[in-house]
$ cat final12.pdb   # PDB, C-alpha atoms and all ligand atoms
MODEL        1
ATOM      1  CA  MET A 540       3.530  19.998   4.451  1.00  0.00           C
ATOM      2  CA  ARG A 541       5.984  17.339   5.599  1.00  0.00           C
ATOM      3  CA  ILE A 542       7.169  14.844   3.027  1.00  0.00           C
ATOM      4  CA  LEU A 543       9.208  11.683   3.547  1.00  0.00           C
ATOM      5  CA  PHE A 544      11.123  10.824   0.357  1.00  0.00           C
ATOM      6  CA  ILE A 545      12.690   7.328   0.397  1.00  0.00           C
ATOM      7  CA  GLY A 546      15.593   6.315  -1.864  1.00  0.00           C
ATOM      8  CA  ASP A 547      15.611   3.235  -4.129  1.00  0.00           C
ATOM      9  CA  ILE A 548      13.713   0.397  -2.418  1.00  0.00           C
ATOM     10  CA  VAL A 549      15.639  -2.836  -3.082  1.00  0.00           C
ATOM     11  CA  GLY A 550      13.818  -6.176  -3.193  1.00  0.00           C
ATOM     12  CA  SER A 551      11.947  -7.849  -0.353  1.00  0.00           C
ATOM     13  CA  PRO A 552      14.347  -6.563   2.362  1.00  0.00           C
ATOM     14  CA  GLY A 553      13.618  -3.008   1.211  1.00  0.00           C
ATOM     15  CA  ARG A 554       9.876  -3.656   1.165  1.00  0.00           C
ATOM     16  CA  GLU A 555      10.037  -5.110   4.682  1.00  0.00           C
ATOM     17  CA  ALA A 556      11.776  -1.923   5.863  1.00  0.00           C
ATOM     18  CA  VAL A 557       9.017   0.173   4.263  1.00  0.00           C
ATOM     19  CA  LYS A 558       6.338  -1.979   5.896  1.00  0.00           C
ATOM     20  CA  VAL A 559       7.788  -1.625   9.392  1.00  0.00           C
ATOM     21  CA  LEU A 560       9.471   1.779   9.347  1.00  0.00           C
ATOM     22  CA  VAL A 561       7.155   3.976   7.252  1.00  0.00           C
ATOM     23  CA  PRO A 562       4.191   3.816   9.667  1.00  0.00           C
ATOM     24  CA  ARG A 563       6.572   4.543  12.560  1.00  0.00           C
ATOM     25  CA  LEU A 564       8.265   7.470  10.773  1.00  0.00           C
ATOM     26  CA  LYS A 565       4.899   8.903   9.734  1.00  0.00           C
ATOM     27  CA  LYS A 566       3.940   9.151  13.406  1.00  0.00           C
ATOM     28  CA  GLU A 567       7.312  10.216  14.821  1.00  0.00           C
ATOM     29  CA  LYS A 568       8.019  12.864  12.210  1.00  0.00           C
ATOM     30  CA  ALA A 569       4.437  14.001  11.500  1.00  0.00           C
ATOM     31  CA  ILE A 570       4.660  13.012   7.832  1.00  0.00           C
ATOM     32  CA  ASP A 571       1.817  13.981   5.481  1.00  0.00           C
ATOM     33  CA  ILE A 572       3.032  12.421   2.214  1.00  0.00           C
ATOM     34  CA  VAL A 573       5.405   9.521   1.460  1.00  0.00           C
ATOM     35  CA  LEU A 574       7.270   9.359  -1.862  1.00  0.00           C
ATOM     36  CA  ALA A 575       9.649   6.541  -2.804  1.00  0.00           C
ATOM     37  CA  ASN A 576      11.813   5.434  -5.689  1.00  0.00           C
ATOM     38  CA  ALA A 577      10.718   1.886  -6.568  1.00  0.00           C
ATOM     39  CA  GLU A 578      12.879   1.029  -9.595  1.00  0.00           C
ATOM     40  CA  ASN A 579      14.536  -1.878  -7.708  1.00  0.00           C
ATOM     41  CA  ALA A 580      11.564  -2.942  -5.593  1.00  0.00           C
ATOM     42  CA  ALA A 581      10.791  -6.243  -7.373  1.00  0.00           C
ATOM     43  CA  GLY A 582      13.577  -8.753  -6.731  1.00  0.00           C
ATOM     44  CA  GLY A 583      16.212  -6.008  -6.853  1.00  0.00           C
ATOM     45  CA  THR A 584      15.324  -4.712 -10.299  1.00  0.00           C
ATOM     46  CA  GLY A 585      12.076  -3.422 -11.794  1.00  0.00           C
ATOM     47  CA  LEU A 586       8.538  -3.119 -10.502  1.00  0.00           C
ATOM     48  CA  THR A 587       5.509  -5.426 -10.741  1.00  0.00           C
ATOM     49  CA  PRO A 588       1.787  -4.857 -10.043  1.00  0.00           C
ATOM     50  CA  LYS A 589       1.958  -6.961  -6.844  1.00  0.00           C
ATOM     51  CA  VAL A 590       4.970  -5.093  -5.488  1.00  0.00           C
ATOM     52  CA  ALA A 591       3.510  -1.681  -6.337  1.00  0.00           C
ATOM     53  CA  ASP A 592       0.244  -2.566  -4.578  1.00  0.00           C
ATOM     54  CA  GLU A 593       2.260  -3.714  -1.567  1.00  0.00           C
ATOM     55  CA  LEU A 594       4.165  -0.411  -1.364  1.00  0.00           C
ATOM     56  CA  PHE A 595       0.983   1.651  -1.661  1.00  0.00           C
ATOM     57  CA  ALA A 596      -0.587  -0.479   1.092  1.00  0.00           C
ATOM     58  CA  TYR A 597       2.428   0.241   3.350  1.00  0.00           C
ATOM     59  CA  GLY A 598       1.835   3.985   3.026  1.00  0.00           C
ATOM     60  CA  CYS A 599       3.696   5.150  -0.085  1.00  0.00           C
ATOM     61  CA  ASP A 600       1.660   7.792  -1.943  1.00  0.00           C
ATOM     62  CA  CYS A 601       3.684   7.982  -5.160  1.00  0.00           C
ATOM     63  CA  LEU A 602       6.392   5.751  -6.677  1.00  0.00           C
ATOM     64  CA  THR A 603       9.152   7.191  -8.854  1.00  0.00           C
ATOM     65  CA  SER A 604      11.663   5.121 -10.838  1.00  0.00           C
ATOM     66  CA  GLY A 605      14.609   5.289 -13.224  1.00  0.00           C
ATOM     67  CA  ASP A 606      16.704   3.256 -15.635  1.00  0.00           C
ATOM     68  CA  HIS A 607      15.449  -0.091 -14.233  1.00  0.00           C
ATOM     69  CA  ILE A 608      11.753   0.638 -14.688  1.00  0.00           C
ATOM     70  CA  TRP A 609      11.289  -1.612 -17.756  1.00  0.00           C
ATOM     71  CA  ARG A 610      13.104  -4.671 -16.335  1.00  0.00           C
ATOM     72  CA  ARG A 611       9.817  -6.502 -15.587  1.00  0.00           C
ATOM     73  CA  GLN A 612       7.410  -6.712 -18.455  1.00  0.00           C
ATOM     74  CA  GLU A 613       4.421  -6.710 -16.087  1.00  0.00           C
ATOM     75  CA  VAL A 614       5.201  -3.085 -15.264  1.00  0.00           C
ATOM     76  CA  LEU A 615       3.318  -2.186 -18.440  1.00  0.00           C
ATOM     77  CA  LYS A 616       0.097  -3.192 -16.645  1.00  0.00           C
ATOM     78  CA  ILE A 617       0.620  -0.494 -14.001  1.00  0.00           C
ATOM     79  CA  ILE A 618       2.668   2.192 -15.753  1.00  0.00           C
ATOM     80  CA  ASP A 619      -0.507   4.222 -16.289  1.00  0.00           C
ATOM     81  CA  TYR A 620      -1.473   4.147 -12.599  1.00  0.00           C
ATOM     82  CA  PRO A 621      -1.900   7.762 -11.498  1.00  0.00           C
ATOM     83  CA  TYR A 622       0.950   7.681  -8.969  1.00  0.00           C
ATOM     84  CA  ILE A 623       3.599   5.589 -10.701  1.00  0.00           C
ATOM     85  CA  LEU A 624       6.223   7.536 -12.645  1.00  0.00           C
ATOM     86  CA  ARG A 625       8.944   6.710 -15.143  1.00  0.00           C
ATOM     87  CA  PRO A 626      11.566   9.297 -16.150  1.00  0.00           C
ATOM     88  CA  LEU A 627      10.037  12.266 -17.977  1.00  0.00           C
ATOM     89  CA  ASN A 628      12.867  12.694 -20.456  1.00  0.00           C
ATOM     90  CA  LEU A 629      12.599   9.288 -22.149  1.00  0.00           C
ATOM     91  CA  ALA A 630      11.644   9.082 -25.826  1.00  0.00           C
ATOM     92  CA  PRO A 631       8.306  10.688 -26.732  1.00  0.00           C
ATOM     93  CA  ASN A 632       5.163   8.534 -26.966  1.00  0.00           C
ATOM     94  CA  ILE A 633       6.362   5.663 -24.790  1.00  0.00           C
ATOM     95  CA  PRO A 634       4.090   4.253 -22.052  1.00  0.00           C
ATOM     96  CA  GLY A 635       3.642   6.005 -18.743  1.00  0.00           C
ATOM     97  CA  LYS A 636       4.326   9.547 -17.601  1.00  0.00           C
ATOM     98  CA  GLY A 637       7.124  11.467 -15.925  1.00  0.00           C
ATOM     99  CA  TYR A 638       5.095  13.695 -13.633  1.00  0.00           C
ATOM    100  CA  CYS A 639       1.842  13.687 -11.695  1.00  0.00           C
ATOM    101  CA  VAL A 640      -0.218  15.897  -9.430  1.00  0.00           C
ATOM    102  CA  LEU A 641      -1.096  14.231  -6.144  1.00  0.00           C
ATOM    103  CA  LYS A 642      -3.967  15.323  -3.928  1.00  0.00           C
ATOM    104  CA  LYS A 643      -4.177  13.967  -0.389  1.00  0.00           C
ATOM    105  CA  ASN A 644      -6.188  15.418   2.489  1.00  0.00           C
ATOM    106  CA  ASN A 645      -5.765  19.183   2.013  1.00  0.00           C
ATOM    107  CA  PHE A 646      -2.474  18.861   0.202  1.00  0.00           C
ATOM    108  CA  LYS A 647      -1.736  19.162  -3.487  1.00  0.00           C
ATOM    109  CA  LEU A 648       1.729  18.626  -4.876  1.00  0.00           C
ATOM    110  CA  ALA A 649       3.410  17.756  -8.149  1.00  0.00           C
ATOM    111  CA  ILE A 650       6.133  15.143  -8.497  1.00  0.00           C
ATOM    112  CA  ILE A 651       8.545  15.037 -11.434  1.00  0.00           C
ATOM    113  CA  ASN A 652      10.860  12.110 -12.230  1.00  0.00           C
ATOM    114  CA  LEU A 653      13.966  12.895 -14.304  1.00  0.00           C
ATOM    115  CA  GLN A 654      16.892  10.742 -15.396  1.00  0.00           C
ATOM    116  CA  GLY A 655      20.449  11.962 -15.895  1.00  0.00           C
ATOM    117  CA  ARG A 656      22.591  11.417 -18.982  1.00  0.00           C
ATOM    118  CA  VAL A 657      26.131  11.290 -17.576  1.00  0.00           C
ATOM    119  CA  PHE A 658      27.363   7.653 -17.431  1.00  0.00           C
ATOM    120  CA  MET A 659      23.786   6.541 -18.189  1.00  0.00           C
ATOM    121  CA  PRO A 660      21.767   5.487 -21.277  1.00  0.00           C
ATOM    122  CA  ALA A 661      21.387   8.219 -23.896  1.00  0.00           C
ATOM    123  CA  ILE A 662      18.042   9.979 -23.480  1.00  0.00           C
ATOM    124  CA  ASP A 663      16.580  13.454 -23.943  1.00  0.00           C
ATOM    125  CA  CYS A 664      17.966  16.423 -22.031  1.00  0.00           C
ATOM    126  CA  PRO A 665      16.528  16.468 -18.480  1.00  0.00           C
ATOM    127  CA  PHE A 666      17.206  20.210 -18.114  1.00  0.00           C
ATOM    128  CA  ARG A 667      15.321  21.385 -21.197  1.00  0.00           C
ATOM    129  CA  THR A 668      12.569  18.803 -20.641  1.00  0.00           C
ATOM    130  CA  VAL A 669      11.843  19.826 -17.054  1.00  0.00           C
ATOM    131  CA  ARG A 670      11.949  23.530 -17.873  1.00  0.00           C
ATOM    132  CA  GLU A 671       9.140  23.070 -20.386  1.00  0.00           C
ATOM    133  CA  ILE A 672       6.642  21.522 -17.958  1.00  0.00           C
ATOM    134  CA  ILE A 673       7.154  23.615 -14.816  1.00  0.00           C
ATOM    135  CA  PRO A 674       4.925  26.564 -15.894  1.00  0.00           C
ATOM    136  CA  MET A 675       2.047  24.140 -16.520  1.00  0.00           C
ATOM    137  CA  LEU A 676       2.499  22.429 -13.119  1.00  0.00           C
ATOM    138  CA  LYS A 677       2.783  25.797 -11.339  1.00  0.00           C
ATOM    139  CA  LYS A 678      -0.812  26.487 -12.391  1.00  0.00           C
ATOM    140  CA  GLU A 679      -1.861  23.383 -10.408  1.00  0.00           C
ATOM    141  CA  THR A 680       0.261  23.777  -7.269  1.00  0.00           C
ATOM    142  CA  SER A 681       3.195  25.711  -5.886  1.00  0.00           C
ATOM    143  CA  VAL A 682       4.655  22.524  -4.340  1.00  0.00           C
ATOM    144  CA  ILE A 683       6.812  20.576  -6.810  1.00  0.00           C
ATOM    145  CA  LEU A 684       9.306  17.832  -5.933  1.00  0.00           C
ATOM    146  CA  VAL A 685      11.863  16.426  -8.356  1.00  0.00           C
ATOM    147  CA  ASP A 686      13.508  12.992  -8.238  1.00  0.00           C
ATOM    148  CA  MET A 687      16.723  13.421 -10.258  1.00  0.00           C
ATOM    149  CA  HIS A 688      17.691   9.803 -10.942  1.00  0.00           C
ATOM    150  CA  ALA A 689      21.313  10.097 -12.006  1.00  0.00           C
ATOM    151  CA  GLU A 690      24.819   8.708 -11.617  1.00  0.00           C
ATOM    152  CA  ALA A 691      26.950  11.860 -11.597  1.00  0.00           C
ATOM    153  CA  THR A 692      26.803  14.168  -8.591  1.00  0.00           C
ATOM    154  CA  SER A 693      27.751  17.100 -10.850  1.00  0.00           C
ATOM    155  CA  GLU A 694      24.632  16.605 -12.957  1.00  0.00           C
ATOM    156  CA  LYS A 695      22.452  16.404  -9.821  1.00  0.00           C
ATOM    157  CA  VAL A 696      23.972  19.534  -8.262  1.00  0.00           C
ATOM    158  CA  ALA A 697      23.567  21.383 -11.559  1.00  0.00           C
ATOM    159  CA  MET A 698      19.888  20.364 -11.663  1.00  0.00           C
ATOM    160  CA  GLY A 699      19.447  21.615  -8.098  1.00  0.00           C
ATOM    161  CA  TYR A 700      20.763  25.076  -8.976  1.00  0.00           C
ATOM    162  CA  PHE A 701      18.965  25.075 -12.345  1.00  0.00           C
ATOM    163  CA  LEU A 702      15.619  24.555 -10.568  1.00  0.00           C
ATOM    164  CA  ASP A 703      16.379  26.642  -7.462  1.00  0.00           C
ATOM    165  CA  GLY A 704      13.394  28.877  -6.759  1.00  0.00           C
ATOM    166  CA  LEU A 705      11.273  27.076  -9.374  1.00  0.00           C
ATOM    167  CA  VAL A 706      10.541  23.888  -7.389  1.00  0.00           C
ATOM    168  CA  SER A 707      10.302  22.959  -3.699  1.00  0.00           C
ATOM    169  CA  ALA A 708      12.910  20.180  -3.691  1.00  0.00           C
ATOM    170  CA  VAL A 709      15.403  18.372  -5.912  1.00  0.00           C
ATOM    171  CA  VAL A 710      16.616  15.049  -4.505  1.00  0.00           C
ATOM    172  CA  GLY A 711      18.797  12.429  -6.152  1.00  0.00           C
ATOM    173  CA  THR A 712      18.376   8.685  -6.474  1.00  0.00           C
ATOM    174  CA  HIS A 713      20.123   5.810  -8.356  1.00  0.00           C
ATOM    175  CA  THR A 714      23.550   5.480  -6.697  1.00  0.00           C
ATOM    176  CA  HIS A 715      22.016   3.986  -3.497  1.00  0.00           C
ATOM    177  CA  ILE A 716      24.614   5.591  -1.177  1.00  0.00           C
ATOM    178  CA  GLN A 717      23.281   8.589   0.728  1.00  0.00           C
ATOM    179  CA  THR A 718      25.241  11.829   0.509  1.00  0.00           C
ATOM    180  CA  ALA A 719      25.562  14.329   3.380  1.00  0.00           C
ATOM    181  CA  ASP A 720      25.070  17.561   1.409  1.00  0.00           C
ATOM    182  CA  GLU A 721      21.471  18.397   2.348  1.00  0.00           C
ATOM    183  CA  LYS A 722      20.798  22.139   2.186  1.00  0.00           C
ATOM    184  CA  LEU A 723      18.359  24.858   1.305  1.00  0.00           C
ATOM    185  CA  LEU A 724      19.481  26.581  -1.888  1.00  0.00           C
ATOM    186  CA  PRO A 725      19.303  30.414  -2.028  1.00  0.00           C
ATOM    187  CA  GLY A 726      15.958  30.487  -3.878  1.00  0.00           C
ATOM    188  CA  GLY A 727      14.232  28.206  -1.341  1.00  0.00           C
ATOM    189  CA  THR A 728      14.660  24.786  -2.946  1.00  0.00           C
ATOM    190  CA  ALA A 729      15.621  21.871  -0.684  1.00  0.00           C
ATOM    191  CA  TYR A 730      18.459  19.803  -2.116  1.00  0.00           C
ATOM    192  CA  LEU A 731      20.179  16.461  -1.449  1.00  0.00           C
ATOM    193  CA  SER A 732      22.403  14.764  -4.047  1.00  0.00           C
ATOM    194  CA  GLU A 733      21.390  11.229  -3.062  1.00  0.00           C
ATOM    195  CA  LEU A 734      18.664   9.921  -0.758  1.00  0.00           C
ATOM    196  CA  GLY A 735      20.312   6.516  -0.361  1.00  0.00           C
ATOM    197  CA  MET A 736      18.737   3.079  -0.461  1.00  0.00           C
ATOM    198  CA  CYS A 737      16.010   1.279   1.411  1.00  0.00           C
ATOM    199  CA  GLY A 738      17.360  -2.256   1.616  1.00  0.00           C
ATOM    200  CA  PRO A 739      20.240  -4.446   2.818  1.00  0.00           C
ATOM    201  CA  TYR A 740      23.409  -2.476   3.594  1.00  0.00           C
ATOM    202  CA  ASP A 741      25.641  -5.550   4.047  1.00  0.00           C
ATOM    203  CA  SER A 742      25.939  -5.535   0.273  1.00  0.00           C
ATOM    204  CA  VAL A 743      27.198  -3.669  -2.765  1.00  0.00           C
ATOM    205  CA  ILE A 744      24.303  -1.247  -3.407  1.00  0.00           C
ATOM    206  CA  GLY A 745      21.808  -3.905  -2.300  1.00  0.00           C
ATOM    207  CA  GLN A 746      23.271  -6.927  -4.093  1.00  0.00           C
ATOM    208  CA  GLU A 747      25.215  -9.869  -2.643  1.00  0.00           C
ATOM    209  CA  LYS A 748      28.831  -8.678  -2.293  1.00  0.00           C
ATOM    210  CA  SER A 749      30.607 -11.790  -3.591  1.00  0.00           C
ATOM    211  CA  LYS A 750      28.750 -11.762  -6.935  1.00  0.00           C
ATOM    212  CA  ILE A 751      29.620  -8.135  -7.595  1.00  0.00           C
ATOM    213  CA  ILE A 752      33.261  -8.579  -6.561  1.00  0.00           C
ATOM    214  CA  GLU A 753      33.496 -11.598  -8.860  1.00  0.00           C
ATOM    215  CA  ARG A 754      32.274  -9.502 -11.760  1.00  0.00           C
ATOM    216  CA  PHE A 755      34.853  -6.800 -11.021  1.00  0.00           C
ATOM    217  CA  LEU A 756      37.605  -9.424 -10.764  1.00  0.00           C
ATOM    218  CA  THR A 757      36.763 -11.380 -13.893  1.00  0.00           C
ATOM    219  CA  GLY A 758      34.710  -9.072 -16.116  1.00  0.00           C
ATOM    220  CA  MET A 759      32.435 -12.090 -16.660  1.00  0.00           C
ATOM    221  CA  PRO A 760      28.649 -11.725 -16.343  1.00  0.00           C
ATOM    222  CA  THR A 761      27.344 -13.010 -12.988  1.00  0.00           C
ATOM    223  CA  ARG A 762      23.807 -13.373 -11.738  1.00  0.00           C
ATOM    224  CA  PHE A 763      23.205 -10.828  -8.997  1.00  0.00           C
ATOM    225  CA  GLU A 764      21.241 -11.722  -5.876  1.00  0.00           C
ATOM    226  CA  VAL A 765      19.611  -9.318  -3.440  1.00  0.00           C
ATOM    227  CA  ALA A 766      21.559  -9.340  -0.150  1.00  0.00           C
ATOM    228  CA  SER A 767      19.871  -9.780   3.223  1.00  0.00           C
ATOM    229  CA  GLY A 768      21.920  -8.268   6.086  1.00  0.00           C
ATOM    230  CA  ASP A 769      21.720  -4.884   7.853  1.00  0.00           C
ATOM    231  CA  ILE A 770      18.426  -3.634   6.453  1.00  0.00           C
ATOM    232  CA  GLN A 771      17.998   0.128   6.609  1.00  0.00           C
ATOM    233  CA  LEU A 772      15.724   2.815   5.226  1.00  0.00           C
ATOM    234  CA  HIS A 773      17.485   5.939   3.930  1.00  0.00           C
ATOM    235  CA  GLY A 774      15.813   9.085   2.666  1.00  0.00           C
ATOM    236  CA  ALA A 775      14.930  12.605   3.744  1.00  0.00           C
ATOM    237  CA  VAL A 776      12.138  14.554   5.417  1.00  0.00           C
ATOM    238  CA  ILE A 777      11.384  17.815   3.627  1.00  0.00           C
ATOM    239  CA  GLU A 778       9.138  20.470   5.125  1.00  0.00           C
ATOM    240  CA  ILE A 779       7.522  22.817   2.620  1.00  0.00           C
ATOM    241  CA  ASP A 780       5.408  25.950   2.999  1.00  0.00           C
ATOM    242  CA  GLU A 781       2.442  24.940   0.874  1.00  0.00           C
ATOM    243  CA  THR A 782       1.456  28.538   0.123  1.00  0.00           C
ATOM    244  CA  THR A 783       4.774  29.675  -1.330  1.00  0.00           C
ATOM    245  CA  GLY A 784       6.124  26.258  -2.333  1.00  0.00           C
ATOM    246  CA  LYS A 785       9.439  27.097  -0.660  1.00  0.00           C
ATOM    247  CA  ALA A 786      11.162  24.511   1.504  1.00  0.00           C
ATOM    248  CA  ARG A 787      11.613  25.256   5.201  1.00  0.00           C
ATOM    249  CA  SER A 788      13.974  22.388   5.986  1.00  0.00           C
ATOM    250  CA  ILE A 789      15.479  19.132   4.778  1.00  0.00           C
ATOM    251  CA  GLU A 790      16.666  16.458   7.191  1.00  0.00           C
ATOM    252  CA  ARG A 791      18.362  13.187   6.228  1.00  0.00           C
ATOM    253  CA  VAL A 792      16.854   9.958   7.560  1.00  0.00           C
ATOM    254  CA  GLN A 793      18.704   6.706   8.257  1.00  0.00           C
ATOM    255  CA  GLU A 794      16.661   4.116  10.151  1.00  0.00           C
ATOM    256  CA  LYS A 795      17.664   0.544  10.942  1.00  0.00           C
ATOM    257  CA  LEU A 796      15.240  -2.350  10.771  1.00  0.00           C
ATOM    258  CA  LEU A 797      15.952  -4.203  14.003  1.00  0.00           C
TER
HETATM  259 FE    FE A 801      18.453   1.921  -8.129  1.00  0.00          FE
HETATM  260 FE    FE A 802      18.814   3.478 -11.328  1.00  0.00          FE
ENDMDL
END

$ encode --input "final12.pdb" --output "structure tokens" --more "lines below"
Ligand SMILES: [Fe+2]
Ligand SMILES: [Fe+2]
Amino acid sequence: MRILFIGDIVGSPGREAVKVLVPRLKKEKAIDIVLANAENAAGGTGLTPKVADELFAYGCDCLTSGDHIWRRQEVLKIIDYPYILRPLNLAPNIPGKGYCVLKKNNFKLAIINLQGRVFMPAIDCPFRTVREIIPMLKKETSVILVDMHAEATSEKVAMGYFLDGLVSAVVGTHTHIQTADEKLLPGGTAYLSELGMCGPYDSVIGQEKSKIIERFLTGMPTRFEVASGDIQLHGAVIEIDETTGKARSIERVQEKLL
């Protein structure tokens, strides 16, 4: 099974990149399933019903998210869609879910969305939370992918080793800058600390540079705007043996929208 996992899609430039590049990558790289983090897909922050429908229409099979998931109130209308996830380790009994089982063609896989706690809002422990649900998901499928939405690389690497041999892949999102540490861990789990962003790279993590620099200079609140130049799609292609659930390979992807 070959999976394309796309990092945080940012605003309309990111959606345009998905529209153009996902169909092309599906053909070129023989992709079976497309997963994407969509926490910034609506105007640079949050997710709306219209934007989610758009991303599914462009070929995304499941949308993960993170700390920005509640930024648009309309997200509550779609948070119970079968293939939209919010972090699993948020407070109990809040809307939505942090994992799902996706069936497509002859493939069946589980996707788990976690959020880190280092330099991020205080939430439940992602390590203990994920450990509790894996045995239940293993009864459904041996293929499990984890989006570890976190700020600190140390927390992401620790999650990779914590889940090595238990899941097929652990990939990071949230910082929007792709890392170059893709590898297969000893137990057969594919790992990459950060998938990167799908959006405008002439920016500070997708936002207009001058507004962000002004905030750093003055400490005053500024209104961020999604940037527009140098649109790229970053992510990874992960090949998994669907019988054993072990990863065969992980390859980073960086495609320009020309
Ligand atoms: Fe993000
Ligand atoms: Fe985030």

$ residues_around --input "final12.pdb" --residues "Pro739 (chain A)" --least-positions-apart "3" --cutoff "9 Å" --atoms "all atoms listed in the file" --output "PDB file with C-alpha atoms, in the coordinates of the input"
ATOM      1  CA  VAL A 549      15.639  -2.836  -3.082  1.00  0.00           C
ATOM      2  CA  GLY A 550      13.818  -6.176  -3.193  1.00  0.00           C
ATOM      3  CA  PRO A 552      14.347  -6.563   2.362  1.00  0.00           C
ATOM      4  CA  GLY A 553      13.618  -3.008   1.211  1.00  0.00           C
ATOM      5  CA  MET A 736      18.737   3.079  -0.461  1.00  0.00           C
ATOM      6  CA  SER A 742      25.939  -5.535   0.273  1.00  0.00           C
ATOM      7  CA  VAL A 743      27.198  -3.669  -2.765  1.00  0.00           C
ATOM      8  CA  ILE A 744      24.303  -1.247  -3.407  1.00  0.00           C
ATOM      9  CA  GLY A 745      21.808  -3.905  -2.300  1.00  0.00           C
ATOM     10  CA  GLN A 746      23.271  -6.927  -4.093  1.00  0.00           C
ATOM     11  CA  VAL A 765      19.611  -9.318  -3.440  1.00  0.00           C
ATOM     12  CA  ALA A 766      21.559  -9.340  -0.150  1.00  0.00           C
ATOM     13  CA  SER A 767      19.871  -9.780   3.223  1.00  0.00           C
ATOM     14  CA  GLY A 768      21.920  -8.268   6.086  1.00  0.00           C
ATOM     15  CA  ASP A 769      21.720  -4.884   7.853  1.00  0.00           C
ATOM     16  CA  ILE A 770      18.426  -3.634   6.453  1.00  0.00           C
ATOM     17  CA  GLN A 771      17.998   0.128   6.609  1.00  0.00           C
ATOM     18  CA  LEU A 772      15.724   2.815   5.226  1.00  0.00           C
TER      19      LEU A 772
END

$ resolve_selection --input "final12.pdb" --expression "the PyMOL selection byres (((not hetatm)) within 12 of (chain A and resi 801))" --output "PyMOL selection string"
chain A and resi 545-550+553+575-586+603-608+610+654+687-690+711-716+733-738+743-746

$ atom_distance --input "final12.pdb" --atom1 "CA of Leu615 (chain A)" --atom2 "CA of Asp592 (chain A)"
14.2 Å

$ closest_residue --input "final12.pdb" --among "A:Thr783, A:Thr718, A:Thr757, A:Asn652" --to "ligand FE 802 (chain A)" --atoms "all atoms listed in the file"
A:Asn652

$ atom_distance --input "final12.pdb" --atom1 "CA of Leu648 (chain A)" --atom2 "CA of Val561 (chain A)"
19.8 Å

$ atom_distance --input "final12.pdb" --atom1 "CA of Ile789 (chain A)" --atom2 "CA of Ile672 (chain A)"
24.5 Å

$ residues_near_point --input "final12.pdb" --point "(3.9, 5.2, -12.6)" --cutoff "9 Å" --atoms "all atoms listed in the file" --output "list in words"
Cys601, Leu602, Thr603, Ser604, Val614, Ile617, Ile618, Asp619, Tyr620, Pro621, Tyr622, Ile623, Leu624, Arg625, Gly635, Lys636, Gly637, Tyr638 and Cys639 of chain A

$ closest_residue --input "final12.pdb" --among "A:Ile633, A:Ala691, A:Ile651, A:Ile542" --to "ligand FE 802 (chain A)" --atoms "all atoms listed in the file"
A:Ala691

$ closest_residue --input "final12.pdb" --among "A:Lys616, A:Lys647, A:Arg787, A:Arg667" --to "Phe701 (chain A)" --atoms "only C-alpha atoms"
A:Arg667

$ closest_residue --input "final12.pdb" --among "A:Val657, A:Val776, A:Leu705, A:Met698" --to "Ile673 (chain A)" --atoms "all atoms listed in the file"
A:Leu705

$ resolve_selection --input "final12.pdb" --expression "the PyMOL selection byres (((chain A and resi 729) around 6) and not hetatm)" --output "PyMOL selection string"
chain A and resi 708+722-723+728+730+786

$ closest_residue --input "final12.pdb" --among "A:Ala649, A:Met659, A:Leu564, A:Leu684" --to "ligand FE 802 (chain A)" --atoms "all atoms listed in the file"
A:Met659

$ decode --input "final12.pdb" --residues "region 722-732 of chain A" --atoms "N, CA and C atoms" --output "PDB file, in the first residue's frame"
ATOM      1  N   LYS A 722      13.354   7.852   8.002  1.00  0.00           N
ATOM      2  CA  LYS A 722      14.051   6.569   8.205  1.00  0.00           C
ATOM      3  C   LYS A 722      13.058   5.490   8.564  1.00  0.00           C
ATOM      4  N   LEU A 723      13.523   4.251   8.461  1.00  0.00           N
ATOM      5  CA  LEU A 723      12.765   3.125   8.984  1.00  0.00           C
ATOM      6  C   LEU A 723      13.375   2.799  10.341  1.00  0.00           C
ATOM      7  N   LEU A 724      12.560   2.805  11.372  1.00  0.00           N
ATOM      8  CA  LEU A 724      13.041   2.483  12.717  1.00  0.00           C
ATOM      9  C   LEU A 724      13.237   0.961  12.816  1.00  0.00           C
ATOM     10  N   PRO A 725      13.991   0.497  13.821  1.00  0.00           N
ATOM     11  CA  PRO A 725      14.355  -0.935  13.868  1.00  0.00           C
ATOM     12  C   PRO A 725      13.156  -1.893  13.846  1.00  0.00           C
ATOM     13  N   GLY A 726      12.040  -1.504  14.428  1.00  0.00           N
ATOM     14  CA  GLY A 726      10.877  -2.397  14.485  1.00  0.00           C
ATOM     15  C   GLY A 726      10.005  -2.357  13.237  1.00  0.00           C
ATOM     16  N   GLY A 727      10.365  -1.513  12.244  1.00  0.00           N
ATOM     17  CA  GLY A 727       9.613  -1.486  10.992  1.00  0.00           C
ATOM     18  C   GLY A 727       8.639  -0.330  10.861  1.00  0.00           C
ATOM     19  N   THR A 728       8.798   0.681  11.692  1.00  0.00           N
ATOM     20  CA  THR A 728       7.942   1.871  11.617  1.00  0.00           C
ATOM     21  C   THR A 728       8.657   2.959  10.811  1.00  0.00           C
ATOM     22  N   ALA A 729       7.949   3.520   9.818  1.00  0.00           N
ATOM     23  CA  ALA A 729       8.514   4.640   9.058  1.00  0.00           C
ATOM     24  C   ALA A 729       8.394   5.897   9.899  1.00  0.00           C
ATOM     25  N   TYR A 730       9.412   6.751   9.827  1.00  0.00           N
ATOM     26  CA  TYR A 730       9.424   7.944  10.683  1.00  0.00           C
ATOM     27  C   TYR A 730       9.947   9.165   9.929  1.00  0.00           C
ATOM     28  N   LEU A 731       9.288  10.308  10.159  1.00  0.00           N
ATOM     29  CA  LEU A 731       9.786  11.612   9.690  1.00  0.00           C
ATOM     30  C   LEU A 731       9.306  12.656  10.702  1.00  0.00           C
ATOM     31  N   SER A 732      10.234  13.462  11.222  1.00  0.00           N
ATOM     32  CA  SER A 732       9.856  14.422  12.275  1.00  0.00           C
ATOM     33  C   SER A 732       8.841  15.452  11.801  1.00  0.00           C
TER      34      SER A 732
END
